[in-house]
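Asker: Can you read through this structure? Questions will come right after.
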Amino acid sequence: MGWKEELSSFTQNRKNPSKLRFDEPLDKHNFFGIGGNAEAYFEVSTIDELAYVTRLQKRRNVPIAIIGRGSNLLVSDAGYPGIVLRLVGEFNRLEFNESCVKVGAGVSLPRLSKIAASHGLSGVEFALGIPGSVGGALIMNAGAWGSSFGDLVERVQVMTDEGELLDLSRDDAQFSYRHSGLKPYFCVTGATLILTPGNAEEVDNLMQDLYNQKITSQPFAEENAGCMFKNPPGHSAGKLIDECGLKGYRIGGAEVSKIHGNFVLNLDSATAHDVLSLVQHIQNHVKQERDVDLEMEVQLLGF
Ligand code: EPU
């Protein structure tokens, strides 16, 4: 029996069979709307299922990638030669205990922001406009308006390649600008956050203000994966790209946003190849004209 048959029979024997599909188009699972098919796509609902998949990876030597909500992702035109996982079910749990929140890695940041605001808890207002998952936000230390997700973290739960669960401290997670030490683990499963008690109306107002600032300074109507590059120390990538006259520059169906230089848009059935050609063009220009290296923030899958 191959790994596909094994995975199929595993899911069919579950009480609540999770969603498993083969040859699944990945363009509908990421905000860029780009990418070929995954050999398998599996929505994992429980820790047990996740541990099973880690063991399958080891035993069968099959590549596995976890895509979060696909908001910071560029998937290859050739797709992914393995299993793509999405965390659902018990990974979508949110549990409030005074100012402490236990949150599953599958929860979306907008949902977390709104529910925290309704509890009058401050700290996560910046995240309403970030469409990613808590797991992705932890790994990337997502942030906006001077706040970063890692600042809120007390503990982070991860699963190792052996299927073992570890409970890490914030120091263990090693957060820095758009980076953490969590990537080498098989999967981030959840976190405990410490928020600050406040007034529900004030928290909601701040959250809405930050969201309005985002939608007036960044594109939101067209498909994109958020900021394409990290800000180099002492610079704004968007400003550098703007100053190099690259806004509106287009390769194939991919275009540099005319609103904010650090966003690449999928305007007309762009391929991953179009996007990467545009990325390279931007990197070359900014290096030539400003002597600054731009490093991609968007994560690559299947390259
Ligand atoms: N600017 C330009 N032209 C542009 C874009 C920006 O002149 O095309 C100027 C702005 O006017 C401003 C400065 O550059 O004076 C900085 O721009 P902005 O406030 O938009 O911030 P940013 O550094 O470009 C960062 C994060 C965003 C986050 C915003 C708001 C990174 C790579 N980007 O952008 O995060 O939403 O601050 O806090 O850290 C993301 O990580 O995906 C992301 C979008």
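Following the order of the structure tokens, chains are lettered A, B, ..., residues in each are numbered from 1, and ligands are numbered from 1.
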Could you pull out the strand (DSSP E or B) residues of segment 131-245 of chain A from DSSP and send them as a PyMOL selection string?

Answerer: chain A and resi 133+143-144+147-148+153-159+165-169+176+179+187-194+196-197+223-224+229

Asker: Would you kindly return, as a ChimeraX atom specification, each protein, DNA or RNA residue with an atom no farther than 10 Å from any atom of Ala40 of chain A, considering only C-alpha atoms and excluding same-chain residues fewer than 6 positions away?

Answerer: /A:4,7,20-25,64,80-85

Asker: Next, write the just-selected residues to a file, as a tab-separated table (two decimals), in the first residue's frame, keeping N, CA and C atoms as the atom set.

Answerer:
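Wrote it out as out-v2.tsv, contents follow:
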```
chain	number	residue	atom	x	y	z
A	4	LYS	N	-0.66	7.24	-0.18
A	4	LYS	CA	-1.99	7.80	-0.46
A	4	LYS	C	-3.09	6.86	0.04
A	7	LEU	N	-3.12	6.92	3.86
A	7	LEU	CA	-3.75	8.14	4.39
A	7	LEU	C	-5.27	8.07	4.19
A	20	LEU	N	-9.96	15.05	3.13
A	20	LEU	CA	-8.75	14.64	2.41
A	20	LEU	C	-9.07	14.64	0.92
A	21	ARG	N	-8.23	15.31	0.14
A	21	ARG	CA	-8.45	15.31	-1.31
A	21	ARG	C	-7.12	15.12	-2.01
A	22	PHE	N	-7.15	14.43	-3.14
A	22	PHE	CA	-5.93	14.23	-3.93
A	22	PHE	C	-5.95	15.14	-5.13
A	23	ASP	N	-4.74	15.52	-5.59
A	23	ASP	CA	-4.63	16.37	-6.78
A	23	ASP	C	-5.44	17.65	-6.62
A	24	GLU	N	-5.22	18.30	-5.50
A	24	GLU	CA	-6.03	19.47	-5.13
A	24	GLU	C	-5.39	20.76	-5.66
A	25	PRO	N	-6.13	21.57	-6.43
A	25	PRO	CA	-5.57	22.86	-6.88
A	25	PRO	C	-5.29	23.77	-5.68
A	64	ILE	N	5.76	17.12	3.58
A	64	ILE	CA	4.54	17.70	4.15
A	64	ILE	C	4.76	19.18	4.38
A	80	TYR	N	2.73	21.14	-5.42
A	80	TYR	CA	3.52	20.61	-4.31
A	80	TYR	C	3.53	19.08	-4.36
A	81	PRO	N	4.71	18.47	-4.40
A	81	PRO	CA	4.80	17.02	-4.53
A	81	PRO	C	4.71	16.33	-3.17
A	82	GLY	N	3.59	16.43	-2.50
A	82	GLY	CA	3.44	15.83	-1.18
A	82	GLY	C	2.10	16.22	-0.60
A	83	ILE	N	2.04	16.26	0.75
A	83	ILE	CA	0.77	16.55	1.43
A	83	ILE	C	0.78	17.98	1.96
A	84	VAL	N	-0.25	18.74	1.61
A	84	VAL	CA	-0.42	20.08	2.17
A	84	VAL	C	-1.47	19.98	3.27
A	85	LEU	N	-1.11	20.51	4.44
A	85	LEU	CA	-2.02	20.43	5.59
A	85	LEU	C	-2.61	21.79	5.92
```

Asker: Write out as a list in words which residues come within 7 Å of segment 65-70 of chain A when counting only C-alpha atoms, dropping same-chain ones fewer than 3 positions away.

Answerer: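 Non-adjacent residues within range: His29, Asn30, Phe31, Leu73, Ile83, Val84, Leu85, Arg86, Leu87, Gly106, Gly132, Ser133, Gly135 and Gly136 of chain A.
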
Asker: Nearest to ligand 1: which of A:Ala225, A:Ala272, A:Ala78, A:Ile194 is it, counting only C-alpha atoms and all ligand atoms?

Answerer: A:Ala225

Asker: If you count only C-alpha atoms and all ligand atoms, which residues end up within 9 Å of ligand 1, as a ChimeraX atom specification?

Answerer: /A:71-72,126,129-130,140,142-147,177-178,210,213-214,217-218,225-232,235-243,247,257-263,297-298

Asker: Considering only C-alpha atoms, can you say which of A:Ser45, A:Thr54, A:Thr196, A:Gln208 comes closest to Ala127 of chain A?

Answerer: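 Among the listed residues, the smallest separation from Ala127 of chain A belongs to A:Gln208.
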
Asker: Among the residues of segment 199-301 of chain A, find those DSSP assigns to helix (DSSP H, G or I) from the backbone and print them as number ranges by chain.

Answerer: A: 200-217, 237-243, 272-290

Asker: Generate the output file for the selected residues, N, CA and C atoms, as a tab-separated table (two decimals), in the first residue's frame.

Answerer:
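The resulting file, part_24.tsv, is shown below:
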```tsv
chain	number	residue	atom	x	y	z
A	200	ALA	N	-13.92	47.95	26.19
A	200	ALA	CA	-14.28	47.28	24.92
A	200	ALA	C	-14.46	48.30	23.78
A	201	GLU	N	-15.09	49.44	24.10
A	201	GLU	CA	-15.35	50.41	23.03
A	201	GLU	C	-14.04	51.03	22.53
A	202	GLU	N	-13.14	51.35	23.47
A	202	GLU	CA	-11.84	51.95	23.08
A	202	GLU	C	-11.02	50.95	22.26
A	203	VAL	N	-11.01	49.69	22.69
A	203	VAL	CA	-10.25	48.67	21.97
A	203	VAL	C	-10.81	48.54	20.56
A	204	ASP	N	-12.15	48.53	20.47
A	204	ASP	CA	-12.79	48.39	19.15
A	204	ASP	C	-12.46	49.59	18.27
A	205	ASN	N	-12.48	50.80	18.85
A	205	ASN	CA	-12.18	52.00	18.05
A	205	ASN	C	-10.76	51.96	17.51
A	206	LEU	N	-9.80	51.56	18.37
A	206	LEU	CA	-8.40	51.50	17.92
A	206	LEU	C	-8.27	50.46	16.81
A	207	MET	N	-8.92	49.32	17.01
A	207	MET	CA	-8.85	48.24	16.01
A	207	MET	C	-9.40	48.73	14.66
A	208	GLN	N	-10.53	49.44	14.70
A	208	GLN	CA	-11.13	49.94	13.44
A	208	GLN	C	-10.24	51.01	12.82
A	209	ASP	N	-9.64	51.89	13.66
A	209	ASP	CA	-8.74	52.95	13.14
A	209	ASP	C	-7.57	52.33	12.38
A	210	LEU	N	-6.94	51.32	13.00
A	210	LEU	CA	-5.77	50.70	12.37
A	210	LEU	C	-6.18	50.00	11.08
A	211	TYR	N	-7.36	49.39	11.10
A	211	TYR	CA	-7.85	48.72	9.89
A	211	TYR	C	-8.07	49.75	8.78
A	212	ASN	N	-8.66	50.90	9.15
A	212	ASN	CA	-8.91	51.95	8.14
A	212	ASN	C	-7.60	52.48	7.58
A	213	GLN	N	-6.58	52.63	8.45
A	213	GLN	CA	-5.27	53.09	7.95
A	213	GLN	C	-4.72	52.09	6.95
A	214	LYS	N	-4.91	50.82	7.24
A	214	LYS	CA	-4.39	49.78	6.34
A	214	LYS	C	-5.08	49.86	4.98
A	215	ILE	N	-6.42	49.94	5.00
A	215	ILE	CA	-7.10	49.87	3.70
A	215	ILE	C	-6.96	51.17	2.90
A	216	THR	N	-6.48	52.23	3.55
A	216	THR	CA	-6.25	53.43	2.74
A	216	THR	C	-4.80	53.50	2.23
A	217	SER	N	-3.88	52.74	2.86
A	217	SER	CA	-2.47	52.84	2.43
A	217	SER	C	-1.97	51.59	1.71
A	237	ALA	N	10.83	49.01	2.48
A	237	ALA	CA	10.95	48.39	1.15
A	237	ALA	C	10.02	49.08	0.15
A	238	GLY	N	8.78	49.37	0.59
A	238	GLY	CA	7.80	50.00	-0.30
A	238	GLY	C	8.27	51.35	-0.80
A	239	LYS	N	8.88	52.12	0.10
A	239	LYS	CA	9.35	53.47	-0.27
A	239	LYS	C	10.50	53.35	-1.28
A	240	LEU	N	11.43	52.40	-1.02
A	240	LEU	CA	12.56	52.20	-1.94
A	240	LEU	C	12.05	51.83	-3.34
A	241	ILE	N	11.09	50.92	-3.38
A	241	ILE	CA	10.55	50.45	-4.68
A	241	ILE	C	9.85	51.62	-5.39
A	242	ASP	N	9.13	52.41	-4.61
A	242	ASP	CA	8.45	53.60	-5.14
A	242	ASP	C	9.48	54.57	-5.71
A	243	GLU	N	10.54	54.84	-4.92
A	243	GLU	CA	11.55	55.81	-5.36
A	243	GLU	C	12.31	55.34	-6.61
A	272	ALA	N	3.24	31.88	-10.95
A	272	ALA	CA	4.30	32.06	-9.94
A	272	ALA	C	5.56	32.54	-10.65
A	273	HIS	N	5.76	32.06	-11.88
A	273	HIS	CA	6.92	32.48	-12.66
A	273	HIS	C	6.88	33.98	-12.92
A	274	ASP	N	5.71	34.54	-13.28
A	274	ASP	CA	5.56	36.00	-13.46
A	274	ASP	C	5.96	36.73	-12.17
A	275	VAL	N	5.44	36.24	-11.05
A	275	VAL	CA	5.68	36.93	-9.77
A	275	VAL	C	7.17	36.91	-9.44
A	276	LEU	N	7.82	35.73	-9.60
A	276	LEU	CA	9.23	35.64	-9.24
A	276	LEU	C	10.11	36.45	-10.20
A	277	SER	N	9.69	36.54	-11.48
A	277	SER	CA	10.44	37.38	-12.42
A	277	SER	C	10.34	38.84	-11.99
A	278	LEU	N	9.16	39.25	-11.54
A	278	LEU	CA	8.96	40.62	-11.07
A	278	LEU	C	9.77	40.87	-9.79
A	279	VAL	N	9.79	39.90	-8.91
A	279	VAL	CA	10.56	40.01	-7.66
A	279	VAL	C	12.04	40.23	-7.99
A	280	GLN	N	12.53	39.46	-8.94
A	280	GLN	CA	13.95	39.56	-9.31
A	280	GLN	C	14.25	40.93	-9.94
A	281	HIS	N	13.31	41.38	-10.79
A	281	HIS	CA	13.46	42.68	-11.43
A	281	HIS	C	13.54	43.79	-10.36
A	282	ILE	N	12.67	43.71	-9.38
A	282	ILE	CA	12.65	44.72	-8.29
A	282	ILE	C	13.96	44.65	-7.51
A	283	GLN	N	14.36	43.42	-7.16
A	283	GLN	CA	15.60	43.26	-6.37
A	283	GLN	C	16.80	43.85	-7.13
A	284	ASN	N	16.89	43.57	-8.43
A	284	ASN	CA	18.02	44.07	-9.23
A	284	ASN	C	18.04	45.59	-9.27
A	285	HIS	N	16.84	46.18	-9.50
A	285	HIS	CA	16.78	47.64	-9.59
A	285	HIS	C	17.15	48.33	-8.28
A	286	VAL	N	16.59	47.80	-7.18
A	286	VAL	CA	16.84	48.43	-5.88
A	286	VAL	C	18.32	48.27	-5.50
A	287	LYS	N	18.90	47.15	-5.87
A	287	LYS	CA	20.34	46.94	-5.59
A	287	LYS	C	21.18	47.93	-6.41
A	288	GLN	N	20.82	48.03	-7.71
A	288	GLN	CA	21.59	48.89	-8.61
A	288	GLN	C	21.48	50.36	-8.22
A	289	GLU	N	20.23	50.79	-7.96
A	289	GLU	CA	20.00	52.22	-7.74
A	289	GLU	C	20.26	52.67	-6.31
A	290	ARG	N	20.02	51.79	-5.32
A	290	ARG	CA	20.13	52.21	-3.92
A	290	ARG	C	21.13	51.38	-3.12
```

Asker: Could you tell me how far atom CA of Leu152 of chain A sits from atom CA of Asp171 of chain A, in Å to one decimal place?

Answerer: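 We find that atom CA of Asp171 of chain A and atom CA of Leu152 of chain A lie 12.2 Å from each other.
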
Asker: From the set A:Trp3, A:Gly198, A:Val158, A:Val75, which residue has the shortest atom-to-atom contact distance to Ser118 of chain A, counting only C-alpha atoms?

Answerer: A:Gly198

Asker: Please measure the separation of atom CA of Gly120 of chain A and atom CA of Glu90 of chain A, giving the value in Å to one decimal.

Answerer: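 A separation of 24.4 Å between them.
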
Asker: Which residue is closest to Ser176 of chain A? Choose from A:Val156, A:Ile139, A:Ala254, A:Val188 and count only C-alpha atoms.

Answerer: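 Ranked by minimum distance to Ser176 of chain A, first place goes to A:Ile139.
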
Asker: Of the candidates A:Gly33, A:Gly79, A:Pro63, A:Gly302, which one gets nearest to Leu265 of chain A if we count only C-alpha atoms?

Answerer: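 Counting only C-alpha atoms, the residue closest to Leu265 of chain A is A:Gly33.
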
Asker: For Leu138 of chain A, which residue among A:Ala116, A:Leu56, A:Met159, A:Leu182 is the nearest when counting only C-alpha atoms?

Answerer: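 Closest to Leu138 of chain A, using only C-alpha atoms: A:Leu182.
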
Asker: Can you pull out every residue within 8 Å of segment 92-101 of chain A, counting only C-alpha atoms, but drop anything in the same chain fewer than 6 positions away, and send it as a ChimeraX atom specification?

Answerer: /A:107,112,121,192-197

Asker: If we count only C-alpha atoms and set the cut-off at 8 Å, which residues sit around Ala51 of chain A, ignoring sequence neighbours fewer than 6 positions away in its own chain? Please answer as a list in words.

Answerer: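 Neighbouring residues, sequence-local ones excluded: Met159, Glu162, Gly163 and Glu164 of chain A.
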